[in-house]
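Quick notes on the structure that follows.
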Amino acid sequence: MILKDDPNLFVYLRKYQEETIIVIGSFSTSETIMDITNYPVGDILIHNYEDISYENNNLKLRPYETISYRIKE
């Protein structure tokens, strides 16, 4: 698990062979920002909003937003 001390985010990695997937879930009622510098966005696998918002290596998560994507190697 990543960011174990963050009460608003539930984040973990899954690795299989040469592929790494990150799952990020916000349990906050307000916008939350996560620095994704070490987890560059590749293919989006699933999310629960129409779009995702990220710039300058910051992922902006809306209330209860969840996203899973492949990390670019």
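Each chain of the structure tokens is named A, B, ... in the order shown, its residues numbered from 1; ligands are numbered from 1 in display order.
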Q.
I need the residues of segment 14-46 of chain A that end up classed as strand (DSSP E) by DSSP on the backbone, written out as an MDAnalysis selection string.
A. chainID A and resid 14:16 19:26 32:35 41:46
Could you write out the selected residues, including N, CA and C atoms, as a PDB file, in the first residue's frame?
ATOM      1  N   ARG A  14      -0.294  -3.062  -8.176  1.00  0.00           N
ATOM      2  CA  ARG A  14      -0.339  -4.480  -8.521  1.00  0.00           C
ATOM      3  C   ARG A  14       0.663  -4.678  -9.646  1.00  0.00           C
ATOM      4  N   LYS A  15       1.546  -5.655  -9.469  1.00  0.00           N
ATOM      5  CA  LYS A  15       2.561  -5.945 -10.480  1.00  0.00           C
ATOM      6  C   LYS A  15       2.399  -7.370 -10.967  1.00  0.00           C
ATOM      7  N   TYR A  16       2.547  -7.528 -12.287  1.00  0.00           N
ATOM      8  CA  TYR A  16       2.540  -8.854 -12.887  1.00  0.00           C
ATOM      9  C   TYR A  16       3.437  -8.801 -14.103  1.00  0.00           C
ATOM     10  N   GLU A  19       4.223  -5.488 -16.150  1.00  0.00           N
ATOM     11  CA  GLU A  19       3.164  -4.481 -16.069  1.00  0.00           C
ATOM     12  C   GLU A  19       2.887  -4.090 -14.617  1.00  0.00           C
ATOM     13  N   THR A  20       2.719  -2.787 -14.387  1.00  0.00           N
ATOM     14  CA  THR A  20       2.359  -2.296 -13.059  1.00  0.00           C
ATOM     15  C   THR A  20       1.096  -1.454 -13.180  1.00  0.00           C
ATOM     16  N   ILE A  21       0.149  -1.747 -12.319  1.00  0.00           N
ATOM     17  CA  ILE A  21      -1.120  -1.020 -12.285  1.00  0.00           C
ATOM     18  C   ILE A  21      -1.253  -0.355 -10.924  1.00  0.00           C
ATOM     19  N   ILE A  22      -1.732   0.879 -10.941  1.00  0.00           N
ATOM     20  CA  ILE A  22      -1.992   1.590  -9.698  1.00  0.00           C
ATOM     21  C   ILE A  22      -3.500   1.778  -9.548  1.00  0.00           C
ATOM     22  N   VAL A  23      -3.974   1.611  -8.333  1.00  0.00           N
ATOM     23  CA  VAL A  23      -5.387   1.832  -8.015  1.00  0.00           C
ATOM     24  C   VAL A  23      -5.417   2.941  -6.966  1.00  0.00           C
ATOM     25  N   ILE A  24      -6.186   3.987  -7.257  1.00  0.00           N
ATOM     26  CA  ILE A  24      -6.274   5.137  -6.362  1.00  0.00           C
ATOM     27  C   ILE A  24      -7.742   5.387  -6.054  1.00  0.00           C
ATOM     28  N   GLY A  25      -8.075   5.396  -4.791  1.00  0.00           N
ATOM     29  CA  GLY A  25      -9.445   5.664  -4.382  1.00  0.00           C
ATOM     30  C   GLY A  25      -9.490   6.788  -3.367  1.00  0.00           C
ATOM     31  N   SER A  26     -10.338   7.777  -3.626  1.00  0.00           N
ATOM     32  CA  SER A  26     -10.523   8.879  -2.689  1.00  0.00           C
ATOM     33  C   SER A  26     -11.743   8.595  -1.832  1.00  0.00           C
ATOM     34  N   THR A  32      -9.188  16.119  -3.535  1.00  0.00           N
ATOM     35  CA  THR A  32      -7.919  15.675  -2.948  1.00  0.00           C
ATOM     36  C   THR A  32      -6.880  15.647  -4.060  1.00  0.00           C
ATOM     37  N   ILE A  33      -5.665  16.015  -3.738  1.00  0.00           N
ATOM     38  CA  ILE A  33      -4.595  16.030  -4.736  1.00  0.00           C
ATOM     39  C   ILE A  33      -3.544  15.004  -4.354  1.00  0.00           C
ATOM     40  N   MET A  34      -3.126  14.226  -5.358  1.00  0.00           N
ATOM     41  CA  MET A  34      -2.069  13.239  -5.147  1.00  0.00           C
ATOM     42  C   MET A  34      -0.935  13.500  -6.123  1.00  0.00           C
ATOM     43  N   ASP A  35       0.274  13.546  -5.616  1.00  0.00           N
ATOM     44  CA  ASP A  35       1.461  13.697  -6.455  1.00  0.00           C
ATOM     45  C   ASP A  35       1.741  12.348  -7.114  1.00  0.00           C
ATOM     46  N   VAL A  41       1.138   8.376 -15.689  1.00  0.00           N
ATOM     47  CA  VAL A  41      -0.112   7.832 -16.233  1.00  0.00           C
ATOM     48  C   VAL A  41       0.118   7.193 -17.597  1.00  0.00           C
ATOM     49  N   GLY A  42      -0.301   5.939 -17.705  1.00  0.00           N
ATOM     50  CA  GLY A  42      -0.320   5.232 -18.980  1.00  0.00           C
ATOM     51  C   GLY A  42      -1.766   5.053 -19.396  1.00  0.00           C
ATOM     52  N   ASP A  43      -2.148   3.850 -19.772  1.00  0.00           N
ATOM     53  CA  ASP A  43      -3.528   3.561 -20.163  1.00  0.00           C
ATOM     54  C   ASP A  43      -4.450   3.590 -18.957  1.00  0.00           C
ATOM     55  N   ILE A  44      -5.550   4.331 -19.078  1.00  0.00           N
ATOM     56  CA  ILE A  44      -6.566   4.342 -18.029  1.00  0.00           C
ATOM     57  C   ILE A  44      -7.378   3.063 -18.169  1.00  0.00           C
ATOM     58  N   LEU A  45      -7.514   2.326 -17.093  1.00  0.00           N
ATOM     59  CA  LEU A  45      -8.247   1.066 -17.135  1.00  0.00           C
ATOM     60  C   LEU A  45      -9.702   1.237 -16.717  1.00  0.00           C
ATOM     61  N   ILE A  46      -9.921   1.981 -15.647  1.00  0.00           N
ATOM     62  CA  ILE A  46     -11.281   2.188 -15.169  1.00  0.00           C
ATOM     63  C   ILE A  46     -11.298   3.425 -14.262  1.00  0.00           C
TER      64      ILE A  46
END
_If we count only C-alpha atoms and set the cut-off at 12 Å, which residues sit around Tyr49 of chain A, ignoring sequence neighbours fewer than 2 positions away in its own chain? Please answer as a VMD selection string._
chain A and resid 44 46 to 47 51 to 53 60 to 68
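Using only C-alpha atoms, the shortest contact distance between Glu55 of chain A and any of A:Gln17, A:Ser28, A:Val11, A:Ile36 is found at A:Ile36.
Nearest to Ile71 of chain A of all the residues A:Glu18, A:Glu31, A:Glu50, A:Asp5 is A:Glu18, counting only C-alpha atoms.
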Rounded to one decimal, what separation in Å do you get between atom CA of Asn8 of chain A and atom CA of Glu73 of chain A?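 Between atom CA of Asn8 of chain A and atom CA of Glu73 of chain A the gap is 27.0 Å.
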